[in-house]
$ cat target14.cif   # mmCIF, C-alpha atoms
data_structure
#
loop_
_atom_site.label_atom_id
_atom_site.label_comp_id
_atom_site.auth_asym_id
_atom_site.auth_seq_id
_atom_site.Cartn_x
_atom_site.Cartn_y
_atom_site.Cartn_z
CA MET A 808 -0.20 4.60 10.89
CA THR A 809 0.33 8.33 10.53
CA PRO A 810 -1.90 10.49 8.30
CA ASP A 811 0.96 10.88 5.82
CA GLU A 812 1.52 7.11 5.73
CA LEU A 813 -2.18 6.58 5.09
CA ALA A 814 -2.22 9.16 2.29
CA ALA A 815 0.74 7.43 0.64
CA ARG A 816 -1.38 4.28 0.22
CA ILE A 817 -4.34 6.02 -1.47
CA GLN A 818 -4.92 6.49 -5.18
CA HIS A 819 -7.09 9.60 -5.29
CA THR A 820 -9.77 8.98 -7.89
CA ASN A 821 -12.04 10.90 -10.23
CA VAL A 822 -13.28 8.78 -13.12
CA ALA A 823 -16.68 10.43 -13.36
CA PRO A 824 -17.85 10.70 -16.97
CA ASP A 825 -18.66 14.38 -16.48
CA ALA A 826 -15.37 15.33 -14.78
CA THR A 827 -14.15 18.61 -16.21
CA ARG A 828 -10.64 19.88 -16.84
CA GLU A 829 -10.97 21.95 -13.68
CA ASP A 830 -11.97 18.83 -11.73
CA ILE A 831 -8.86 16.99 -12.90
CA GLU A 832 -6.62 19.96 -12.16
CA ARG A 833 -8.09 20.06 -8.65
CA LEU A 834 -7.55 16.31 -8.22
CA CYS A 835 -3.91 16.58 -9.23
CA ASN A 836 -3.33 19.55 -6.94
CA GLU A 837 -4.88 17.63 -4.07
CA CYS A 838 -2.67 14.63 -4.80
CA ALA A 839 0.49 16.73 -4.74
CA ALA A 840 -0.55 18.68 -1.65
CA ASN A 841 -1.50 15.61 0.38
CA GLY A 842 1.08 13.09 -0.75
CA PHE A 843 -1.35 10.61 -2.27
CA ASP A 844 0.18 7.61 -4.00
CA GLY A 845 -1.52 8.29 -7.32
CA ALA A 846 -4.07 10.24 -9.31
CA MET A 847 -6.59 7.92 -10.97
CA VAL A 848 -8.19 9.54 -14.01
CA ASN A 849 -9.94 8.48 -17.18
CA PRO A 850 -7.67 7.97 -20.22
CA ILE A 851 -8.71 11.27 -21.80
CA TRP A 852 -7.07 13.10 -18.87
CA VAL A 853 -3.82 11.13 -18.61
CA SER A 854 -1.81 13.57 -20.69
CA LEU A 855 -3.02 16.55 -18.64
CA ALA A 856 -2.39 14.77 -15.33
CA SER A 857 1.10 13.79 -16.47
CA ARG A 858 1.96 17.40 -17.18
CA LEU A 859 0.48 18.65 -13.93
CA LEU A 860 2.23 16.04 -11.80
CA ALA A 861 5.62 16.14 -13.50
CA GLY A 862 8.35 16.51 -10.90
CA THR A 863 6.21 15.07 -8.08
CA ASP A 864 6.14 11.57 -6.61
CA VAL A 865 2.46 11.15 -7.49
CA LYS A 866 1.77 8.36 -10.00
CA VAL A 867 -0.55 8.97 -12.93
CA CYS A 868 -2.97 6.04 -13.14
CA THR A 869 -5.87 5.23 -15.41
CA ALA A 870 -8.62 2.63 -15.75
CA LEU A 871 -9.63 0.84 -18.93
CA ASP A 872 -12.65 -1.08 -20.21
CA PHE A 873 -14.79 -0.53 -17.16
CA PRO A 874 -17.35 -0.97 -15.80
CA MET A 875 -18.73 -3.30 -18.47
CA GLY A 876 -15.55 -5.04 -19.61
CA GLY A 877 -16.97 -5.40 -23.09
CA GLY A 878 -13.96 -4.33 -25.12
CA THR A 879 -12.13 -6.74 -27.38
CA THR A 880 -8.61 -7.77 -26.45
CA ALA A 881 -7.13 -5.87 -29.40
CA ALA A 882 -8.99 -2.69 -28.49
CA VAL A 883 -8.09 -2.79 -24.79
CA ALA A 884 -4.46 -3.68 -25.50
CA SER A 885 -4.22 -0.76 -27.88
CA ALA A 886 -5.76 1.53 -25.27
CA ALA A 887 -3.27 0.28 -22.68
CA ALA A 888 -0.31 1.02 -24.93
CA GLU A 889 -1.71 4.47 -25.71
CA ALA A 890 -2.33 5.28 -22.04
CA ALA A 891 1.21 4.27 -21.11
CA GLY A 892 2.56 6.37 -23.95
CA LEU A 893 0.66 9.38 -22.67
CA GLY A 894 2.17 9.00 -19.21
CA ALA A 895 0.13 6.47 -17.23
CA VAL A 896 2.45 4.50 -14.97
CA GLU A 897 -0.21 2.12 -13.64
CA ILE A 898 -3.29 0.77 -15.39
CA ASP A 899 -6.40 -0.76 -13.80
CA VAL A 900 -8.29 -2.96 -16.25
CA MET A 901 -11.65 -4.65 -16.10
CA THR A 902 -11.58 -8.44 -16.42
CA LYS A 903 -14.12 -10.62 -18.23
CA PRO A 904 -16.37 -12.19 -15.54
CA GLY A 905 -18.66 -13.58 -18.24
CA TRP A 906 -15.80 -15.50 -19.81
CA LEU A 907 -14.88 -16.89 -16.41
CA LYS A 908 -18.44 -18.00 -15.75
CA THR A 909 -18.57 -19.63 -19.20
CA GLY A 910 -15.44 -21.64 -18.46
CA MET A 911 -13.33 -19.65 -20.96
CA ASP A 912 -10.33 -19.65 -18.64
CA ASP A 913 -7.73 -19.61 -21.42
CA ALA A 914 -9.35 -16.58 -23.03
CA TYR A 915 -9.63 -14.81 -19.65
CA GLU A 916 -5.91 -15.27 -18.99
CA ALA A 917 -4.85 -14.47 -22.56
CA HIS A 918 -6.80 -11.22 -22.48
CA LEU A 919 -5.06 -10.05 -19.32
CA ARG A 920 -1.68 -11.20 -20.57
CA ALA A 921 -2.15 -9.15 -23.74
CA ILE A 922 -2.94 -6.05 -21.69
CA VAL A 923 0.09 -6.58 -19.45
CA THR A 924 2.34 -6.99 -22.49
CA ALA A 925 0.94 -3.96 -24.32
CA ALA A 926 1.00 -1.69 -21.29
CA GLY A 927 4.58 -2.29 -20.17
CA VAL A 928 3.61 -0.83 -16.78
CA PRO A 929 2.02 -2.45 -13.71
CA VAL A 930 -1.53 -3.63 -14.38
CA LYS A 931 -4.27 -4.17 -11.81
CA ALA A 932 -7.02 -6.68 -12.63
CA MET A 933 -10.50 -5.65 -11.48
CA LEU A 934 -12.11 -8.95 -10.52
CA GLU A 935 -15.64 -7.84 -9.55
CA VAL A 936 -15.59 -10.19 -6.56
CA ALA A 937 -19.26 -9.67 -5.70
CA ARG A 938 -20.25 -11.24 -9.02
CA LEU A 939 -18.18 -14.38 -8.52
CA SER A 940 -18.70 -17.61 -6.61
CA SER A 941 -15.93 -18.74 -4.30
CA GLY A 942 -14.68 -21.19 -6.91
CA GLU A 943 -14.77 -18.56 -9.64
CA LEU A 944 -12.81 -16.19 -7.42
CA VAL A 945 -10.07 -18.76 -6.93
CA ARG A 946 -9.82 -19.20 -10.70
CA ALA A 947 -9.88 -15.45 -11.30
CA VAL A 948 -6.95 -14.93 -8.96
CA GLU A 949 -4.93 -17.81 -10.38
CA LEU A 950 -5.51 -16.71 -13.97
CA SER A 951 -4.65 -13.10 -13.14
CA VAL A 952 -1.42 -14.16 -11.47
CA ALA A 953 -0.53 -16.35 -14.43
CA ALA A 954 -1.19 -13.44 -16.79
CA GLY A 955 1.41 -11.33 -15.02
CA VAL A 956 -0.68 -8.62 -13.37
CA ALA A 957 0.88 -6.69 -10.51
CA TYR A 958 -2.32 -6.30 -8.44
CA ILE A 959 -5.71 -7.88 -8.05
CA LYS A 960 -8.52 -5.49 -7.20
CA ASN A 961 -11.85 -6.38 -5.68
CA SER A 962 -14.03 -4.11 -7.77
CA SER A 963 -14.29 -1.44 -10.41
CA GLY A 964 -16.53 0.40 -7.97
CA TYR A 965 -19.48 0.12 -10.36
CA GLY A 966 -21.76 -2.73 -9.38
CA GLY A 967 -19.04 -5.10 -8.29
CA GLY A 968 -19.38 -4.63 -4.54
CA ASN A 969 -17.61 -2.44 -2.01
CA ALA A 970 -14.32 -3.25 -0.34
CA THR A 971 -14.69 -4.99 3.02
CA PRO A 972 -12.09 -6.46 5.38
CA ALA A 973 -13.42 -9.94 4.65
CA VAL A 974 -13.05 -9.52 0.89
CA VAL A 975 -9.58 -8.00 1.17
CA SER A 976 -8.47 -10.71 3.58
CA GLU A 977 -9.64 -13.42 1.17
CA LEU A 978 -7.92 -11.78 -1.80
CA SER A 979 -4.73 -11.48 0.20
CA ARG A 980 -4.96 -15.14 1.17
CA LEU A 981 -5.51 -16.25 -2.41
CA ALA A 982 -2.76 -13.99 -3.73
CA ALA A 983 -0.34 -15.54 -1.24
CA GLY A 984 2.23 -12.84 -1.79
CA ARG A 985 2.47 -13.40 -5.55
CA VAL A 986 0.64 -10.16 -6.38
CA ALA A 987 -0.52 -7.21 -4.31
CA VAL A 988 -4.12 -6.28 -3.48
CA LYS A 989 -5.88 -3.00 -4.20
CA ALA A 990 -9.16 -2.27 -2.43
CA SER A 991 -11.79 0.02 -3.91
CA GLY A 992 -15.45 0.83 -3.57
CA GLY A 993 -17.21 2.53 -0.67
CA ILE A 994 -14.07 3.60 1.23
CA ARG A 995 -15.12 6.81 2.95
CA THR A 996 -13.64 6.91 6.45
CA ALA A 997 -10.17 6.74 7.97
CA ASP A 998 -11.20 3.80 10.13
CA ALA A 999 -12.41 1.83 7.11
CA ALA A 1000 -9.28 2.68 5.15
CA SER A 1001 -6.99 1.65 7.99
CA GLU A 1002 -8.82 -1.63 8.51
CA LEU A 1003 -8.53 -2.53 4.83
CA LEU A 1004 -4.80 -1.90 4.96
CA ARG A 1005 -4.51 -4.02 8.09
CA THR A 1006 -6.32 -6.91 6.42
CA GLY A 1007 -4.04 -7.04 3.41
CA ALA A 1008 -4.57 -4.16 0.98
CA ALA A 1009 -1.41 -2.56 -0.36
CA LEU A 1010 -3.29 0.29 -2.03
CA LEU A 1011 -6.71 1.91 -1.74
CA GLY A 1012 -8.73 3.55 -4.48
CA ALA A 1013 -11.01 6.29 -3.18
CA SER A 1014 -12.77 9.44 -4.28
CA ALA A 1015 -13.31 10.50 -0.64
CA SER A 1016 -9.56 10.65 -0.09
CA LEU A 1017 -9.51 14.17 1.34
CA GLU A 1018 -12.16 13.36 3.92
CA ILE A 1019 -10.33 10.15 4.86
CA VAL A 1020 -7.00 11.88 5.46
CA ARG A 1021 -8.47 14.95 7.12
CA SER A 1022 -10.43 12.86 9.58
CA HIS A 1023 -7.33 10.80 10.34
CA ARG A 1024 -5.31 13.95 10.94
CA GLY A 1025 -8.03 15.23 13.25
CA ALA A 1026 -8.03 11.99 15.22
CA ALA A 1027 -4.24 11.97 15.36
CA GLY A 1028 -4.02 15.60 16.42
#
$ encode --input "target14.cif" --output "structure tokens"
Amino acid sequence: MTPDELAARIQHTNVAPDATREDIERLCNECAANGFDGAMVNPIWVSLASRLLAGTDVKVCTALDFPMGGGTTAAVASAAAEAAGLGAVEIDVMTKPGWLKTGMDDAYEAHLRAIVTAAGVPVKAMLEVARLSSGELVRAVELSVAAGVAYIKNSSGYGGGNATPAVVSELSRLAAGRVAVKASGGIRTADAASELLRTGAALLGASASLEIVRSHRGAAG
């Protein structure tokens, strides 16, 4: 995989609570300059990112209801519709691991389905794999697929475990081609990024995107 091909699979991320306007402007400039797949920003910066990236191939992405996943379905659905209206073309949303563990499978699926419907753009379900048993993970994937999400994602990156080849491989196996897999959490090197793509990830979420691509270019050159 060439450095440019690797960059095109990365969603360059800054969802820090203290990210400034200048930080988001820098992120968007880096996305455009390096050919990253998307710029992942908090909802408050979607409008700015959409303006900055207009006319480029970089997707504006945002994440909702994370890391706690405590928002009501009505609130998160409303936020999804608002984010899409402001220019987000992909939305990552936290799932409800507590509902899953309680056996509230219908509510878990209905929540995700409501977000998918309200958003009208591809939705990625953050499963928090590290918090789930193997049986719970199977249910989480099946319910997410049934709800109509476009991607399943191993983690929000906050307490849900880092992406590993084993986790990505298992998600890919469970998805069975019905949805794509996004890997996130702890991806800091070109070797790690490449291995996650080889084991089934379609996209990577990373804040160390520049270092990943620069090191890959150095190795390739």
$ residues_around --input "target14.cif" --residues "Gly910 of chain A" --least-positions-apart "4" --cutoff "12 Å" --atoms "all atoms listed in the file" --output "ChimeraX atom specification"
/A:903-906,914-916,942-943,946-947,950
$ resolve_selection --input "target14.cif" --expression "the PyMOL selection byres ((chain A and resi 859) around 12)" --output "list in words"
Arg828, Glu829, Ile831, Glu832, Arg833, Leu834, Cys835, Asn836, Glu837, Cys838, Ala839, Ala846, Trp852, Val853, Ser854, Leu855, Ala856, Ser857, Arg858, Leu860, Ala861, Gly862, Thr863, Asp864, Val865, Lys866, Val867 and Gly894 of chain A
$ residues_around --input "target14.cif" --residues "segment 996-1004 of chain A" --least-positions-apart "5" --cutoff "12 Å" --atoms "only C-alpha atoms" --output "PyMOL selection string"
chain A and resi 808-810+812-818+961+969-979+987-991+1009-1027
$ write_last_selection --input "target14.cif" --atoms "C-alpha atoms" --output "compact mmCIF listing (two decimals), keeping the file's coordinate frame"
# COMPACT_ATOMS: atom_id res chain seq x y z
CA MET A 808 -0.20 4.60 10.89
CA THR A 809 0.33 8.33 10.53
CA PRO A 810 -1.90 10.49 8.30
CA GLU A 812 1.52 7.11 5.73
CA LEU A 813 -2.18 6.58 5.09
CA ALA A 814 -2.22 9.16 2.29
CA ALA A 815 0.74 7.43 0.64
CA ARG A 816 -1.38 4.28 0.22
CA ILE A 817 -4.34 6.02 -1.47
CA GLN A 818 -4.92 6.49 -5.18
CA ASN A 961 -11.85 -6.38 -5.68
CA ASN A 969 -17.61 -2.44 -2.01
CA ALA A 970 -14.32 -3.25 -0.34
CA THR A 971 -14.69 -4.99 3.02
CA PRO A 972 -12.09 -6.46 5.38
CA ALA A 973 -13.42 -9.94 4.65
CA VAL A 974 -13.05 -9.52 0.89
CA VAL A 975 -9.58 -8.00 1.17
CA SER A 976 -8.47 -10.71 3.58
CA GLU A 977 -9.64 -13.42 1.17
CA LEU A 978 -7.92 -11.78 -1.80
CA SER A 979 -4.73 -11.48 0.20
CA ALA A 987 -0.52 -7.21 -4.31
CA VAL A 988 -4.12 -6.28 -3.48
CA LYS A 989 -5.88 -3.00 -4.20
CA ALA A 990 -9.16 -2.27 -2.43
CA SER A 991 -11.79 0.02 -3.91
CA ALA A 1009 -1.41 -2.56 -0.36
CA LEU A 1010 -3.29 0.29 -2.03
CA LEU A 1011 -6.71 1.91 -1.74
CA GLY A 1012 -8.73 3.55 -4.48
CA ALA A 1013 -11.01 6.29 -3.18
CA SER A 1014 -12.77 9.44 -4.28
CA ALA A 1015 -13.31 10.50 -0.64
CA SER A 1016 -9.56 10.65 -0.09
CA LEU A 1017 -9.51 14.17 1.34
CA GLU A 1018 -12.16 13.36 3.92
CA ILE A 1019 -10.33 10.15 4.86
CA VAL A 1020 -7.00 11.88 5.46
CA ARG A 1021 -8.47 14.95 7.12
CA SER A 1022 -10.43 12.86 9.58
CA HIS A 1023 -7.33 10.80 10.34
CA ARG A 1024 -5.31 13.95 10.94
CA GLY A 1025 -8.03 15.23 13.25
CA ALA A 1026 -8.03 11.99 15.22
CA ALA A 1027 -4.24 11.97 15.36
$ resolve_selection --input "target14.cif" --expression "the PyMOL selection byres ((chain A and resi 892) around 12)" --output "ChimeraX atom specification"
/A:850,853-854,857,867,885-891,893-898,925-928
$ residues_around --input "target14.cif" --residues "Leu919 of chain A" --least-positions-apart "4" --cutoff "10 Å" --atoms "all atoms listed in the file" --output "VMD selection string"
chain A and resid 880 883 to 884 900 to 903 914 to 915 923 to 925 930 to 932 950 to 956
$ closest_residue --input "target14.cif" --among "A:Leu981, A:Glu949, A:Ser940, A:Pro929" --to "Asp912 of chain A" --atoms "all atoms listed in the file"
A:Glu949
$ resolve_selection --input "target14.cif" --expression "the PyMOL selection byres ((chain A and resi 936) around 7)" --output "NGL selection string"
:A and (934-935 or 937-939 or 944 or 961-962 or 967)
$ decode --input "target14.cif" --residues "segment 839-985 of chain A" --atoms "C-alpha atoms" --output "compact mmCIF listing (two decimals), in the first residue's frame"
# COMPACT_ATOMS: atom_id res chain seq x y z
CA ALA A 839 -6.63 18.50 2.41
CA ALA A 840 -2.85 18.52 2.09
CA ASN A 841 -2.42 14.82 2.82
CA GLY A 842 -5.49 13.33 1.16
CA PHE A 843 -7.05 11.93 4.32
CA ASP A 844 -10.46 10.31 3.92
CA GLY A 845 -12.14 12.57 6.45
CA ALA A 846 -11.85 15.18 9.16
CA MET A 847 -13.42 13.98 12.42
CA VAL A 848 -14.46 16.90 14.62
CA ASN A 849 -16.88 17.58 17.43
CA PRO A 850 -20.35 18.79 16.37
CA ILE A 851 -19.60 22.40 17.31
CA TRP A 852 -16.95 22.50 14.56
CA VAL A 853 -18.88 20.78 11.76
CA SER A 854 -20.03 24.01 10.15
CA LEU A 855 -16.50 25.44 10.15
CA ALA A 856 -14.98 22.23 8.79
CA SER A 857 -17.61 22.10 6.05
CA ARG A 858 -16.69 25.57 4.90
CA LEU A 859 -12.97 24.91 5.04
CA LEU A 860 -13.19 21.62 3.14
CA ALA A 861 -15.70 22.71 0.51
CA GLY A 862 -14.42 21.75 -2.93
CA THR A 863 -12.14 19.00 -1.60
CA ASP A 864 -12.68 15.24 -1.45
CA VAL A 865 -12.28 15.22 2.34
CA LYS A 866 -15.41 14.12 4.23
CA VAL A 867 -16.60 16.09 7.23
CA CYS A 868 -17.36 13.62 10.03
CA THR A 869 -18.53 14.01 13.59
CA ALA A 870 -19.12 11.88 16.68
CA LEU A 871 -22.16 11.97 18.92
CA ASP A 872 -23.06 10.90 22.46
CA PHE A 873 -19.60 9.72 23.40
CA PRO A 874 -17.83 8.56 25.43
CA MET A 875 -20.61 7.91 27.94
CA GLY A 876 -23.51 7.11 25.61
CA GLY A 877 -25.94 8.57 28.10
CA GLY A 878 -28.09 10.64 25.77
CA THR A 879 -31.72 9.80 25.16
CA THR A 880 -32.75 8.56 21.74
CA ALA A 881 -34.68 11.75 21.00
CA ALA A 882 -31.72 13.94 21.94
CA VAL A 883 -29.15 11.96 19.93
CA ALA A 884 -31.44 11.68 16.91
CA SER A 885 -31.97 15.43 16.98
CA ALA A 886 -28.22 15.98 17.22
CA ALA A 887 -27.67 13.64 14.27
CA ALA A 888 -30.14 15.53 12.11
CA GLU A 889 -28.56 18.84 13.11
CA ALA A 890 -25.03 17.61 12.39
CA ALA A 891 -26.04 16.38 8.94
CA GLY A 892 -27.74 19.68 8.26
CA LEU A 893 -24.55 21.53 9.14
CA GLY A 894 -22.54 19.46 6.69
CA ALA A 895 -21.49 16.21 8.37
CA VAL A 896 -21.50 13.42 5.79
CA GLU A 897 -20.67 10.61 8.23
CA ILE A 898 -21.64 10.27 11.88
CA ASP A 899 -20.04 8.05 14.52
CA VAL A 900 -22.39 7.38 17.42
CA MET A 901 -21.92 5.75 20.78
CA THR A 902 -24.07 2.68 21.42
CA LYS A 903 -25.69 1.67 24.72
CA PRO A 904 -23.53 -1.13 26.21
CA GLY A 905 -25.54 -0.99 29.44
CA TRP A 906 -28.76 -1.72 27.58
CA LEU A 907 -27.08 -4.64 25.85
CA LYS A 908 -25.84 -6.05 29.14
CA THR A 909 -29.33 -5.66 30.62
CA GLY A 910 -30.86 -7.65 27.78
CA MET A 911 -32.60 -4.60 26.29
CA ASP A 912 -31.83 -5.70 22.75
CA ASP A 913 -34.93 -4.14 21.20
CA ALA A 914 -34.14 -0.77 22.74
CA TYR A 915 -30.48 -1.02 21.65
CA GLU A 916 -31.50 -1.64 18.03
CA ALA A 917 -34.31 0.93 18.05
CA HIS A 918 -31.95 3.60 19.33
CA LEU A 919 -29.48 3.02 16.52
CA ARG A 920 -32.25 2.79 13.93
CA ALA A 921 -33.58 6.17 15.06
CA ILE A 922 -30.14 7.73 14.65
CA VAL A 923 -29.70 6.21 11.18
CA THR A 924 -33.11 7.51 10.12
CA ALA A 925 -32.57 11.00 11.53
CA ALA A 926 -29.06 11.37 10.14
CA GLY A 927 -29.74 10.39 6.55
CA VAL A 928 -25.98 9.85 6.13
CA PRO A 929 -23.78 6.82 6.90
CA VAL A 930 -23.64 6.04 10.62
CA LYS A 931 -20.90 4.16 12.45
CA ALA A 932 -21.81 2.36 15.67
CA MET A 933 -19.15 2.53 18.40
CA LEU A 934 -19.46 -0.84 20.12
CA GLU A 935 -16.88 -0.50 22.93
CA VAL A 936 -15.70 -4.05 22.31
CA ALA A 937 -13.45 -4.18 25.37
CA ARG A 938 -16.51 -3.83 27.61
CA LEU A 939 -18.40 -6.71 26.01
CA SER A 940 -18.30 -10.47 26.41
CA SER A 941 -18.02 -12.55 23.26
CA GLY A 942 -21.74 -13.24 23.31
CA GLU A 943 -22.57 -9.59 23.85
CA LEU A 944 -20.33 -8.65 20.93
CA VAL A 945 -22.19 -11.01 18.62
CA ARG A 946 -25.49 -9.42 19.67
CA ALA A 947 -24.09 -5.91 19.32
CA VAL A 948 -23.02 -6.59 15.75
CA GLU A 949 -26.28 -8.25 14.77
CA LEU A 950 -28.38 -5.47 16.29
CA SER A 951 -26.24 -2.79 14.65
CA VAL A 952 -26.58 -4.46 11.26
CA ALA A 953 -30.34 -4.76 11.72
CA ALA A 954 -30.53 -1.07 12.63
CA GLY A 955 -29.00 -0.10 9.30
CA VAL A 956 -25.62 1.28 10.29
CA ALA A 957 -22.94 1.50 7.62
CA TYR A 958 -19.98 0.66 9.88
CA ILE A 959 -19.24 -1.01 13.18
CA LYS A 960 -16.39 0.51 15.15
CA ASN A 961 -14.44 -1.14 17.92
CA SER A 962 -14.20 1.81 20.26
CA SER A 963 -14.88 5.45 20.92
CA GLY A 964 -11.24 5.69 21.94
CA TYR A 965 -12.22 6.59 25.51
CA GLY A 966 -12.05 3.58 27.77
CA GLY A 967 -13.32 1.08 25.27
CA GLY A 968 -10.00 -0.47 24.32
CA ASN A 969 -7.54 0.13 21.51
CA ALA A 970 -7.78 -1.32 18.03
CA THR A 971 -5.84 -4.56 17.58
CA PRO A 972 -5.62 -6.96 14.63
CA ALA A 973 -7.45 -9.60 16.66
CA VAL A 974 -10.36 -7.27 17.45
CA VAL A 975 -10.62 -6.01 13.88
CA SER A 976 -10.44 -9.54 12.50
CA GLU A 977 -13.28 -10.64 14.79
CA LEU A 978 -15.43 -7.64 13.88
CA SER A 979 -14.83 -8.33 10.21
CA ARG A 980 -15.79 -11.97 10.69
CA LEU A 981 -18.99 -11.07 12.53
CA ALA A 982 -19.89 -8.37 10.02
CA ALA A 983 -19.54 -10.91 7.21
CA GLY A 984 -19.55 -8.24 4.55
CA ARG A 985 -22.90 -6.75 5.62
